[in-house]
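See below for work_27.txt, which holds compact mmCIF, C-alpha atoms and all ligand atoms.
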```
# COMPACT_ATOMS: atom_id res chain seq x y z
CA MET A 65 78.02 115.75 113.46
CA ILE A 66 76.76 114.35 110.14
CA ASN A 67 79.81 112.97 108.37
CA PHE A 68 80.34 113.45 104.68
CA ASN A 69 81.06 109.74 104.21
CA VAL A 70 80.67 106.64 106.35
CA PRO A 71 82.21 103.52 104.80
CA PRO A 72 79.54 100.94 103.94
CA TYR A 73 79.19 98.05 106.36
CA THR A 74 76.61 95.27 106.12
CA GLY A 75 77.39 93.10 109.14
CA LYS A 76 78.64 90.01 107.31
CA GLU A 77 82.15 91.29 106.57
CA MET A 78 83.76 89.84 109.72
CA ASP A 79 82.22 86.39 109.14
CA TYR A 80 83.64 86.30 105.64
CA ILE A 81 87.08 87.50 106.73
CA LYS A 82 87.06 84.74 109.37
CA LYS A 83 86.18 82.25 106.65
CA ALA A 84 89.02 83.51 104.45
CA VAL A 85 91.43 83.02 107.37
CA GLU A 86 90.05 79.54 108.07
CA ASN A 87 90.53 78.66 104.40
CA GLN A 88 94.26 79.07 105.09
CA LYS A 89 94.54 80.93 101.83
CA ILE A 90 94.76 84.58 102.64
CA CYS A 91 96.98 85.61 99.73
CA GLY A 92 95.47 86.72 96.42
CA ASP A 93 93.05 84.84 94.20
CA GLY A 94 91.44 82.73 96.93
CA GLU A 95 87.76 81.83 97.30
CA PHE A 96 86.50 85.38 97.90
CA THR A 97 88.55 86.99 95.14
CA ARG A 98 87.09 84.44 92.72
CA LYS A 99 83.60 85.15 94.03
CA CYS A 100 84.03 88.90 93.60
CA ASN A 101 85.43 88.51 90.06
CA ALA A 102 82.52 86.23 89.11
CA TRP A 103 80.01 88.63 90.66
CA ILE A 104 81.38 91.56 88.66
CA GLU A 105 81.43 89.51 85.45
CA GLU A 106 77.85 88.39 85.92
CA LYS A 107 76.54 91.79 86.99
CA THR A 108 78.27 93.80 84.26
CA GLY A 109 78.62 91.30 81.42
CA THR A 110 82.34 92.03 80.96
CA ALA A 111 84.47 89.23 79.51
CA LYS A 112 86.77 89.25 82.54
CA ALA A 113 87.04 91.05 85.87
CA LEU A 114 90.19 90.95 87.99
CA LEU A 115 90.24 92.33 91.51
CA THR A 116 93.17 94.68 92.10
CA THR A 117 94.72 96.52 95.04
CA SER A 118 93.13 99.79 93.90
CA CYS A 119 91.52 101.56 90.97
CA THR A 120 94.84 103.36 90.54
CA HIS A 121 96.51 99.99 90.05
CA ALA A 122 93.74 98.78 87.72
CA THR A 123 94.48 101.86 85.58
CA GLU A 124 98.20 101.09 85.68
CA LEU A 125 97.47 97.58 84.53
CA ALA A 126 95.36 99.01 81.69
CA THR A 127 98.21 101.31 80.59
CA LEU A 128 100.54 98.28 80.40
CA LEU A 129 97.96 96.29 78.43
CA ALA A 130 97.39 99.23 76.09
CA ASP A 131 101.14 99.50 75.63
CA ILE A 132 101.23 103.18 76.61
CA LYS A 133 104.75 104.50 76.04
CA GLU A 134 106.85 107.58 76.62
CA GLY A 135 105.59 110.53 74.60
CA ASP A 136 102.15 109.05 73.92
CA GLU A 137 99.27 111.44 74.48
CA VAL A 138 96.14 110.55 76.38
CA ILE A 139 92.96 112.61 76.34
CA MET A 140 91.16 113.01 79.67
CA PRO A 141 89.26 115.60 81.69
CA SER A 142 91.18 117.86 84.07
CA TYR A 143 88.28 117.63 86.50
CA THR A 144 89.17 114.23 87.98
CA PHE A 145 91.20 112.52 90.68
CA CYS A 146 94.96 112.45 90.16
CA SER A 147 94.92 108.63 89.76
CA THR A 148 93.38 109.02 86.31
CA ALA A 149 96.52 110.82 85.15
CA ASP A 150 99.08 109.11 87.44
CA ALA A 151 99.03 105.80 85.63
CA PHE A 152 99.90 107.52 82.34
CA ALA A 153 102.47 109.96 83.76
CA LEU A 154 104.22 106.94 85.27
CA ARG A 155 104.72 105.56 81.76
CA GLY A 156 106.04 108.90 80.50
CA ALA A 157 102.84 109.62 78.59
CA VAL A 158 101.30 113.09 78.45
CA PRO A 159 97.82 113.70 79.87
CA VAL A 160 96.06 116.08 77.49
CA PHE A 161 93.26 117.67 79.47
CA ILE A 162 90.10 118.86 77.78
CA ASP A 163 87.16 120.81 79.14
CA ILE A 164 84.10 119.29 80.78
CA ARG A 165 80.39 119.61 80.10
CA PRO A 166 78.75 121.75 82.77
CA ASP A 167 75.68 119.49 83.01
CA THR A 168 77.38 116.20 84.02
CA MET A 169 80.92 117.42 84.85
CA ASN A 170 82.16 114.73 82.43
CA LEU A 171 84.62 115.38 79.61
CA ASP A 172 82.96 117.14 76.67
CA GLU A 173 82.92 114.54 73.92
CA LYS A 174 82.61 117.30 71.30
CA LEU A 175 86.10 118.55 72.19
CA ILE A 176 87.93 115.22 71.82
CA GLU A 177 88.65 115.21 68.11
CA ASP A 178 90.26 118.62 68.14
CA ALA A 179 92.75 117.38 70.77
CA ILE A 180 93.85 114.36 68.73
CA THR A 181 97.40 114.46 67.30
CA PRO A 182 99.52 111.74 65.66
CA LYS A 183 100.79 110.95 69.19
CA THR A 184 97.36 110.33 70.70
CA LYS A 185 97.00 106.78 71.96
CA ALA A 186 94.00 106.69 74.27
CA ILE A 187 90.88 108.40 75.56
CA VAL A 188 90.07 108.16 79.26
CA PRO A 189 86.44 109.01 80.03
CA VAL A 190 85.78 109.51 83.75
CA HIS A 191 82.19 108.79 84.76
CA TYR A 192 81.77 111.48 87.39
CA ALA A 193 79.34 110.74 90.22
CA GLY A 194 78.56 107.41 88.55
CA VAL A 195 76.87 109.19 85.63
CA SER A 196 78.06 108.02 82.22
CA CYS A 197 80.02 109.98 79.66
CA GLU A 198 78.55 110.09 76.14
CA MET A 199 80.00 106.71 75.22
CA ASP A 200 78.53 106.25 71.73
CA THR A 201 80.37 109.34 70.50
CA ILE A 202 83.57 108.46 72.38
CA LEU A 203 83.66 104.89 71.07
CA ASP A 204 82.99 106.10 67.54
CA ILE A 205 85.89 108.59 67.71
CA ALA A 206 88.16 105.91 69.18
CA LYS A 207 87.28 103.53 66.38
CA ARG A 208 87.86 106.07 63.62
CA HIS A 209 91.23 107.17 65.06
CA ASN A 210 92.32 103.74 66.28
CA LEU A 211 92.53 104.78 69.94
CA VAL A 212 92.24 102.71 73.09
CA VAL A 213 89.45 103.61 75.52
CA ILE A 214 90.15 103.16 79.22
CA GLU A 215 87.11 104.00 81.34
CA ASP A 216 87.75 105.45 84.77
CA ALA A 217 84.61 103.93 86.29
CA ALA A 218 85.94 104.31 89.84
CA GLN A 219 82.57 105.74 90.85
CA GLY A 220 80.51 103.86 88.30
CA ILE A 221 79.69 100.37 89.56
CA MET A 222 75.94 99.54 89.08
CA SER A 223 75.42 102.45 86.65
CA THR A 224 74.49 102.00 83.00
CA TYR A 225 74.61 103.78 79.65
CA LYS A 226 71.92 102.62 77.19
CA GLY A 227 71.64 99.41 79.15
CA LYS A 228 75.39 98.70 79.27
CA ALA A 229 77.33 98.67 82.52
CA LEU A 230 79.92 101.42 82.98
CA GLY A 231 83.43 100.01 82.69
CA THR A 232 82.44 97.43 80.05
CA MET A 233 82.28 99.58 76.91
CA GLY A 234 85.90 100.68 76.56
CA ASP A 235 88.78 98.26 75.96
CA PHE A 236 89.36 98.42 79.72
CA GLY A 237 87.33 99.67 82.68
CA CYS A 238 88.52 100.46 86.19
CA PHE A 239 86.43 100.23 89.39
CA SER A 240 87.39 101.45 92.85
CA PHE A 241 86.49 99.80 96.15
CA HIS A 242 88.14 102.47 98.28
CA GLU A 243 86.25 103.19 101.50
CA THR A 244 84.71 106.31 99.95
CA LYS A 245 83.02 104.34 97.16
CA ASN A 246 79.60 102.61 97.12
CA PHE A 247 81.12 99.20 97.94
CA SER A 248 84.40 98.92 99.77
CA MET A 249 87.27 96.70 100.81
CA GLY A 250 89.29 99.48 102.43
CA GLU A 251 91.64 99.85 99.50
CA GLY A 252 90.89 97.94 96.32
CA GLY A 253 89.60 97.99 92.80
CA ALA A 254 88.99 95.89 89.71
CA LEU A 255 90.06 95.83 86.10
CA LEU A 256 87.33 94.99 83.59
CA ILE A 257 88.54 93.53 80.31
CA ARG A 258 86.21 93.72 77.33
CA ASP A 259 88.02 91.40 74.92
CA GLU A 260 88.99 87.82 75.65
CA LYS A 261 92.29 88.35 73.77
CA ASP A 262 93.63 90.64 76.54
CA VAL A 263 92.87 88.32 79.46
CA GLU A 264 95.97 86.15 79.49
CA GLU A 265 98.38 89.07 79.35
CA ALA A 266 96.43 90.85 82.10
CA GLU A 267 96.66 87.83 84.37
CA ILE A 268 100.42 87.67 83.82
CA LEU A 269 101.04 91.39 84.42
CA ARG A 270 98.95 91.26 87.60
CA GLU A 271 100.86 88.25 88.97
CA LYS A 272 104.43 89.61 88.86
CA GLY A 273 104.90 88.63 85.24
CA THR A 274 104.22 84.95 85.90
CA ASN A 275 101.73 82.49 84.45
CA ARG A 276 100.61 81.52 87.94
CA SER A 277 96.90 81.99 87.16
CA LYS A 278 97.15 79.30 84.50
CA PHE A 279 99.01 77.08 86.96
CA PHE A 280 96.24 77.46 89.55
CA ARG A 281 93.67 76.42 86.98
CA GLY A 282 95.74 73.31 86.27
CA GLN A 283 96.43 74.37 82.68
CA ILE A 284 100.20 74.03 83.15
CA ASP A 285 102.18 71.97 85.70
CA LYS A 286 104.64 74.63 86.85
CA TYR A 287 104.65 78.37 86.69
CA THR A 288 107.43 80.66 85.59
CA TRP A 289 108.44 84.26 84.91
CA VAL A 290 107.23 85.04 81.40
CA ASN A 291 107.00 88.86 81.18
CA TYR A 292 107.56 92.01 83.23
CA GLY A 293 104.77 92.63 85.68
CA SER A 294 103.88 93.77 89.16
CA SER A 295 101.79 92.66 92.11
CA TYR A 296 98.28 93.97 91.63
CA LEU A 297 96.25 91.35 93.47
CA PRO A 298 94.70 92.02 96.87
CA SER A 299 94.68 89.68 99.87
CA ASP A 300 91.65 87.38 100.00
CA MET A 301 90.79 88.91 103.40
CA ASN A 302 90.07 92.21 101.68
CA ALA A 303 88.07 90.43 99.00
CA ALA A 304 86.03 88.72 101.74
CA TYR A 305 85.12 92.13 103.16
CA LEU A 306 84.05 93.31 99.71
CA TYR A 307 82.05 90.21 98.90
CA ALA A 308 79.74 90.82 101.87
CA GLN A 309 78.84 94.14 100.23
CA LEU A 310 78.54 92.89 96.67
CA GLU A 311 76.02 90.32 97.90
CA LEU A 312 73.89 93.22 99.15
CA ALA A 313 74.64 95.52 96.22
CA ASP A 314 70.98 95.99 95.28
CA GLN A 315 70.01 96.88 98.83
CA ILE A 316 72.92 99.30 99.26
CA THR A 317 72.15 100.96 95.92
CA ALA A 318 68.42 101.23 96.65
CA ASP A 319 69.21 102.88 99.99
CA ARG A 320 71.56 105.39 98.36
CA MET A 321 69.06 106.08 95.56
CA ALA A 322 66.35 106.84 98.14
CA THR A 323 68.69 109.39 99.75
CA TRP A 324 69.54 110.88 96.35
CA GLU A 325 65.86 111.21 95.37
CA HIS A 326 65.05 112.70 98.75
CA TYR A 327 67.71 115.40 98.34
CA TYR A 328 66.57 116.07 94.78
CA LYS A 329 62.94 116.49 95.77
CA ARG A 330 63.66 118.66 98.79
CA LEU A 331 66.06 120.95 96.93
CA SER A 332 64.06 121.23 93.69
CA PRO A 333 62.21 124.40 94.79
CA LEU A 334 65.60 126.16 95.18
CA LYS A 335 66.52 124.99 91.71
CA GLU A 336 63.21 126.28 90.30
CA LYS A 337 63.98 129.69 91.81
CA GLY A 338 67.42 129.68 90.17
CA ILE A 339 69.21 129.74 93.53
CA LEU A 340 71.22 126.57 93.01
CA GLU A 341 71.73 123.83 90.45
CA LEU A 342 71.18 120.10 90.86
CA PRO A 343 72.80 117.11 89.11
CA VAL A 344 71.68 116.22 85.59
CA ILE A 345 71.17 112.59 84.55
CA PRO A 346 71.14 112.43 80.73
CA GLU A 347 68.56 110.30 78.95
CA GLY A 348 69.65 106.70 78.56
CA CYS A 349 71.73 106.78 81.75
CA THR A 350 70.94 105.12 85.05
CA HIS A 351 73.14 106.00 88.00
CA ASN A 352 74.17 104.55 91.35
CA ALA A 353 73.71 107.56 93.65
CA HIS A 354 77.44 107.68 94.27
CA MET A 355 77.22 111.35 95.03
CA PHE A 356 74.77 114.19 95.57
CA TYR A 357 76.14 117.58 94.67
CA ILE A 358 74.71 121.05 94.34
CA LYS A 359 76.16 124.04 92.57
CA ALA A 360 76.09 127.49 94.12
CA GLU A 361 76.39 130.70 92.14
CA ASN A 362 80.15 131.01 92.57
CA LEU A 363 83.16 130.18 94.76
CA GLU A 364 82.30 132.82 97.36
CA VAL A 365 78.77 131.52 97.89
CA ARG A 366 79.96 127.92 97.99
CA THR A 367 82.63 128.71 100.58
CA ALA A 368 80.07 130.48 102.75
CA LEU A 369 77.65 127.56 102.36
CA LEU A 370 80.23 124.95 103.42
CA SER A 371 81.14 126.88 106.53
CA TYR A 372 77.47 127.57 107.35
CA LEU A 373 76.78 123.83 107.16
CA LYS A 374 79.87 122.99 109.22
CA GLU A 375 78.71 125.33 111.99
CA ARG A 376 75.50 123.28 111.97
CA GLU A 377 77.32 119.97 112.29
CA ILE A 378 77.10 118.99 108.62
CA LEU A 379 80.24 118.02 106.74
CA SER A 380 79.76 119.04 103.13
CA VAL A 381 82.83 119.19 100.91
CA PHE A 382 84.03 120.52 97.58
CA HIS A 383 85.75 118.23 95.11
CA TYR A 384 88.60 118.12 92.59
CA ILE A 385 90.97 121.00 92.09
CA PRO A 386 91.46 120.73 88.30
CA LEU A 387 94.59 118.70 87.53
CA HIS A 388 95.94 121.19 84.99
CA SER A 389 96.40 123.70 87.81
CA ALA A 390 98.20 121.23 90.12
CA PRO A 391 102.03 121.13 90.21
CA ALA A 392 102.20 117.65 88.65
CA GLY A 393 99.55 118.55 86.10
CA LEU A 394 101.67 121.51 84.97
CA LYS A 395 104.75 119.30 84.84
CA TYR A 396 103.35 116.25 83.05
CA GLY A 397 100.28 117.42 81.20
CA ARG A 398 98.76 120.22 79.21
CA PHE A 399 95.31 121.66 78.73
CA HIS A 400 94.04 121.66 75.18
CA GLY A 401 91.53 124.33 74.21
CA GLU A 402 89.72 126.73 76.49
CA ASP A 403 88.98 126.12 80.16
CA LYS A 404 85.43 127.37 79.89
CA TYR A 405 83.83 125.19 82.55
CA THR A 406 86.43 123.05 84.35
CA THR A 407 87.60 125.71 86.83
CA LYS A 408 84.35 127.65 87.01
CA GLU A 409 82.09 124.66 87.65
CA SER A 410 84.51 122.97 90.08
CA GLU A 411 84.52 126.13 92.18
CA ARG A 412 80.74 126.11 92.48
CA LEU A 413 80.26 122.47 93.38
CA ALA A 414 79.55 121.18 96.90
CA ARG A 415 78.93 117.55 97.80
CA LEU A 416 76.37 116.80 100.50
CA PRO A 417 76.66 113.85 102.92
CA MET A 418 75.91 110.57 101.13
CA TRP A 419 76.33 107.08 102.51
CA TYR A 420 74.57 103.78 103.00
CA GLY A 421 72.34 104.19 106.06
CA LEU A 422 72.02 107.99 106.03
CA LYS A 423 68.59 108.57 107.56
CA PRO A 424 65.71 110.53 105.96
CA GLU A 425 65.57 112.77 109.08
CA GLN A 426 69.23 113.61 108.53
CA VAL A 427 68.59 114.44 104.87
CA ASP A 428 65.69 116.67 105.96
CA TYR A 429 67.90 118.42 108.51
CA ILE A 430 70.62 118.99 105.87
CA CYS A 431 68.08 120.36 103.37
CA ASP A 432 66.56 122.62 106.06
CA GLN A 433 69.99 124.11 106.66
CA VAL A 434 70.71 124.59 102.95
CA GLU A 435 67.35 126.38 102.62
CA ALA A 436 68.08 128.49 105.69
CA PHE A 437 71.46 129.50 104.29
CA PHE A 438 69.97 130.76 101.04
CA SER A 439 67.02 132.49 102.69
CA GLU A 440 69.36 134.40 105.03
CA ARG A 441 71.44 135.71 102.16
C1 LIG A 501 88.37 106.99 93.81
C2 LIG A 501 88.79 107.35 92.46
C3 LIG A 501 89.99 106.86 91.91
C4 LIG A 501 91.01 106.10 92.69
O1 LIG A 501 90.57 104.94 93.27
P1 LIG A 501 91.54 104.11 94.23
O2 LIG A 501 90.85 102.80 94.37
O3 LIG A 501 91.64 104.87 95.50
O4 LIG A 501 92.86 103.98 93.54
C5 LIG A 501 90.28 107.16 90.59
N1 LIG A 501 89.45 107.89 89.83
C6 LIG A 501 88.31 108.40 90.33
C7 LIG A 501 87.41 109.19 89.43
C8 LIG A 501 87.95 108.15 91.66
O5 LIG A 501 86.81 108.66 92.14
```
Representation of the structure as structure tokens:
Amino acid sequence: MINFNVPPYTGKEMDYIKKAVENQKICGDGEFTRKCNAWIEEKTGTAKALLTTSCTHATELATLLADIKEGDEVIMPSYTFCSTADAFALRGAVPVFIDIRPDTMNLDEKLIEDAITPKTKAIVPVHYAGVSCEMDTILDIAKRHNLVVIEDAAQGIMSTYKGKALGTMGDFGCFSFHETKNFSMGEGGALLIRDEKDVEEAEILREKGTNRSKFFRGQIDKYTWVNYGSSYLPSDMNAAYLYAQLELADQITADRMATWEHYYKRLSPLKEKGILELPVIPEGCTHNAHMFYIKAENLEVRTALLSYLKEREILSVFHYIPLHSAPAGLKYGRFHGEDKYTTKESERLARLPMWYGLKPEQVDYICDQVEAFFSER
């Protein structure tokens, strides 16, 4: 069976976890957490990166920093994971879903302004498949309407938009290190903070409302409870696991890119014949091969394709059921404008196996089966 995902593993993870244990500092913000934060800061150029227990929690932290309150409206795509909306619903804010662009499956930046009301507080671009949203337009709208931008860059580490790392352009950016992402620590994430002015408050909110981070740096001689907060910092053992992968980030990304290019090349003839569609990478964007998806003609063809592949030992999967059709989406959010592409495109999309170490022979086998499926129809 060819799995859809196999969590990345480099071989050094256990050594680093052992080291974290030997350091006798396995709680948060130990040696490996600091190393991961520094790595992210250096690689992306963000002012500050803070490892968190998940991308969901990084987003929660961002909603607290952005002072999102009950009744505030937040513009986001409906085609995303529930975490994008959860953090806002938790604060009593209203997710206002807008339609996506069919080429990248990202929110359609041309539809944002029409969804803005006096209650709008933030825009949440989700960089689907690690391919950037149209950030120049989004940042310009945010500036003109005085809105906060929180990037859901859960899938976007190592990708860029006009040379800038995803997660660094908005006020806040959120990465995920869940086991399904390019680099993993089991469960985990990071908050990227663009402006120095937000760093101190973020450190306090993340450390149960205390100024413990300052205390650890020796800037104060005892720490105390200074604000509300929560516990958003992961154990250093998890950070140790992640650091082994960040060290090999270029190698892992190159391996995934080779797989992505291989799929693209092999399936291009089917695209030329108009039988299926392949991902689009807009000019100015580089991506991280987080995902390889294809789009079939419609839901019926996609369903048949997934079961055809499963019978041939290939686990290919669909993706998000649009949030505005989910029970919580109906309860907490609303869709603004017309759902021209969100439902239609999500029903056509199938993700093919993609992981670090997937072999070229396996990609060939998968492509052979996709070709066979379409030629038998
Ligand atoms: C994975 C993912 C999340 C959630 O990440 P966690 O680390 O599991 O909280 C949020 N948004 C998107 C787009 C994701 O792909």
Using all atoms listed in the file, I'd like a table of the residues in chain A that come within 6 Å of ligand LIG 501 (chain A); for each, show the closest atom pair and its distance in Å rounded to one decimal, ordered by chain and ascending number, as a Markdown table.
```
| residue | atom | partner | partner_atom | distance |
| --- | --- | --- | --- | --- |
| A:Ser118 | CA | A:LIG501 | O2 | 3.8 |
| A:Cys119 | CA | A:LIG501 | O2 | 3.7 |
| A:Thr120 | CA | A:LIG501 | O4 | 3.6 |
| A:Thr144 | CA | A:LIG501 | C7 | 5.5 |
| A:Phe145 | CA | A:LIG501 | N1 | 5.0 |
| A:Ser147 | CA | A:LIG501 | C5 | 4.9 |
| A:Thr148 | CA | A:LIG501 | N1 | 5.4 |
| A:Val190 | CA | A:LIG501 | C7 | 5.9 |
| A:Asp216 | CA | A:LIG501 | N1 | 5.9 |
| A:Ala218 | CA | A:LIG501 | C8 | 4.7 |
| A:Gln219 | CA | A:LIG501 | O5 | 5.3 |
| A:Ser240 | CA | A:LIG501 | O2 | 4.0 |
| A:Phe241 | CA | A:LIG501 | O2 | 5.6 |
| A:His242 | CA | A:LIG501 | O2 | 4.8 |
| A:Glu251 | CA | A:LIG501 | O2 | 6.0 |
| A:Gly252 | CA | A:LIG501 | O2 | 5.2 |
| A:Gly253 | CA | A:LIG501 | O2 | 5.2 |
```
Identify which of the residues A:Thr123, A:Ser277, A:Thr367, A:Thr97 lies closest to A:Val213, counting only C-alpha atoms when measuring atom-to-atom distances.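 That would be A:Thr123, the residue with the smallest distance to A:Val213.
Counting from atom CA of A:Pro71, the distance to atom CA of A:Val381 is 16.2 Å.
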Using only C-alpha atoms, can you tell me which of A:Arg366, A:His388, A:Arg98, A:Arg165 comes closest to A:Cys146? A:His388
Please compute the atom CA of A:Ala353-atom CA of A:Gly194 distance, one decimal, in Å. 7.0 Å
Please identify all polymer residues lying at most 8 Å from the point (71.5, 114.2, 110.4) (file coordinates), using all atoms listed in the file, and present the result as a PyMOL selection string. chain A and resi 65-66+378+422-423+425-430
Print the selection's residues with C-alpha atoms to a file, as an mmCIF file, keeping the file's coordinate frame.
```cif
data_model
loop_
_atom_site.group_PDB
_atom_site.id
_atom_site.type_symbol
_atom_site.label_atom_id
_atom_site.label_comp_id
_atom_site.auth_asym_id
_atom_site.auth_seq_id
_atom_site.Cartn_x
_atom_site.Cartn_y
_atom_site.Cartn_z
ATOM 1 C CA MET A 65 78.020 115.750 113.460
ATOM 2 C CA ILE A 66 76.760 114.350 110.140
ATOM 3 C CA ILE A 378 77.100 118.990 108.620
ATOM 4 C CA LEU A 422 72.020 107.990 106.030
ATOM 5 C CA LYS A 423 68.590 108.570 107.560
ATOM 6 C CA GLU A 425 65.570 112.770 109.080
ATOM 7 C CA GLN A 426 69.230 113.610 108.530
ATOM 8 C CA VAL A 427 68.590 114.440 104.870
ATOM 9 C CA ASP A 428 65.690 116.670 105.960
ATOM 10 C CA TYR A 429 67.900 118.420 108.510
ATOM 11 C CA ILE A 430 70.620 118.990 105.870
#
```
Once 3 Å is added on each side, what are the centre and the three edge lengths, in Å to one decimal, of the axis-aligned box enclosing the listed atoms of stretch 91-108 of chain A? Present them as AutoDock Vina command-line options.
```
--center_x 86.8 --center_y 87.8 --center_z 92.0 --size_x 26.4 --size_y 18.0 --size_z 21.5
```
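Shortest separation to A:Ala111 among A:His351, A:His400, A:Arg258, A:Arg330 occurs at residue A:Arg258, atoms counted being all atoms listed in the file.
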Measuring atom to atom with all atoms listed in the file, identify which of A:Ala151, A:Gly234, A:Ile205, A:Ile90 is nearest to A:Pro189.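 Closest candidate: A:Gly234.
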A:Asp319, A:Glu271, A:Asp150, A:Glu347 ranked by distance to A:Tyr296, top pick (using only C-alpha atoms): A:Glu271
Kindly give the distance, in Å, that separates atom CA of A:Gly338 and atom CA of A:Thr406, rounded to a single decimal.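 Straight-line distance from atom CA of A:Gly338 to atom CA of A:Thr406 works out to 21.0 Å.
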Which one of A:Thr317, A:Thr224, A:Ser410, A:Asn101 sits closest to A:Glu361 if you count all atoms listed in the file?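 Nearest candidate to A:Glu361 out of A:Thr317, A:Thr224, A:Ser410, A:Asn101: A:Ser410.
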I'd like the contact shell of stretch 373-375 of chain A - 10 Å cut-off, all atoms listed in the file, skipping same-chain residues fewer than 2 positions apart - returned as JSON, numbers by chain. {"A": [65, 66, 368, 369, 370, 371, 377, 378, 379, 380, 381, 416, 430, 433, 434, 436, 437]}
Long-range neighbours of stretch 201-204 of chain A as a VMD selection string, 10 Å cut-off, all atoms listed in the file, 4 positions minimum in chain: chain A and resid 172 to 174 176 to 177 187 to 189 197 208 to 213 233 to 235
Got a sec: who's within 10 Å of A:Thr108, counting all atoms listed in the file, leaving out chain neighbours fewer than 3 positions off, as number ranges by chain? A: 102-105, 111-113, 221-224, 228-232, 256
Completed stretch 161-174 of chain A (N, CA, C and O atoms) as a compact mmCIF listing (two decimals), in the coordinates of the input:
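Ended up saving to part04.txt:
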```
# COMPACT_ATOMS: atom_id res chain seq x y z
N PHE A 161 94.54 117.40 78.81
CA PHE A 161 93.26 117.67 79.47
C PHE A 161 92.34 118.46 78.55
O PHE A 161 92.76 119.41 77.91
N ILE A 162 91.08 118.06 78.52
CA ILE A 162 90.10 118.86 77.78
C ILE A 162 88.98 119.29 78.74
O ILE A 162 88.86 118.75 79.84
N ASP A 163 88.19 120.22 78.29
CA ASP A 163 87.16 120.81 79.14
C ASP A 163 86.01 119.83 79.40
O ASP A 163 85.85 118.85 78.67
N ILE A 164 85.25 120.12 80.44
CA ILE A 164 84.10 119.29 80.78
C ILE A 164 82.79 119.92 80.30
O ILE A 164 82.76 121.10 79.93
N ARG A 165 81.75 119.11 80.34
CA ARG A 165 80.39 119.61 80.10
C ARG A 165 79.86 120.10 81.44
O ARG A 165 80.00 119.41 82.44
N PRO A 166 79.23 121.26 81.47
CA PRO A 166 78.75 121.75 82.77
C PRO A 166 77.58 120.94 83.33
O PRO A 166 77.36 120.93 84.54
N ASP A 167 76.85 120.21 82.48
CA ASP A 167 75.68 119.49 83.01
C ASP A 167 76.08 118.25 83.83
O ASP A 167 75.55 118.04 84.92
N THR A 168 77.01 117.44 83.32
CA THR A 168 77.38 116.20 84.02
C THR A 168 78.76 116.27 84.67
O THR A 168 79.13 115.36 85.41
N MET A 169 79.54 117.30 84.38
CA MET A 169 80.92 117.42 84.85
C MET A 169 81.83 116.36 84.20
O MET A 169 82.96 116.15 84.64
N ASN A 170 81.34 115.70 83.16
CA ASN A 170 82.16 114.73 82.43
C ASN A 170 82.86 115.42 81.26
O ASN A 170 82.42 116.48 80.81
N LEU A 171 83.91 114.77 80.75
CA LEU A 171 84.62 115.38 79.61
C LEU A 171 83.64 115.65 78.47
O LEU A 171 82.70 114.88 78.26
N ASP A 172 83.86 116.76 77.77
CA ASP A 172 82.96 117.14 76.67
C ASP A 172 83.39 116.37 75.42
O ASP A 172 84.43 116.67 74.82
N GLU A 173 82.57 115.42 75.05
CA GLU A 173 82.92 114.54 73.92
C GLU A 173 83.10 115.31 72.62
O GLU A 173 83.84 114.88 71.74
N LYS A 174 82.49 116.50 72.53
CA LYS A 174 82.61 117.30 71.30
C LYS A 174 84.00 117.93 71.15
O LYS A 174 84.35 118.44 70.09
```
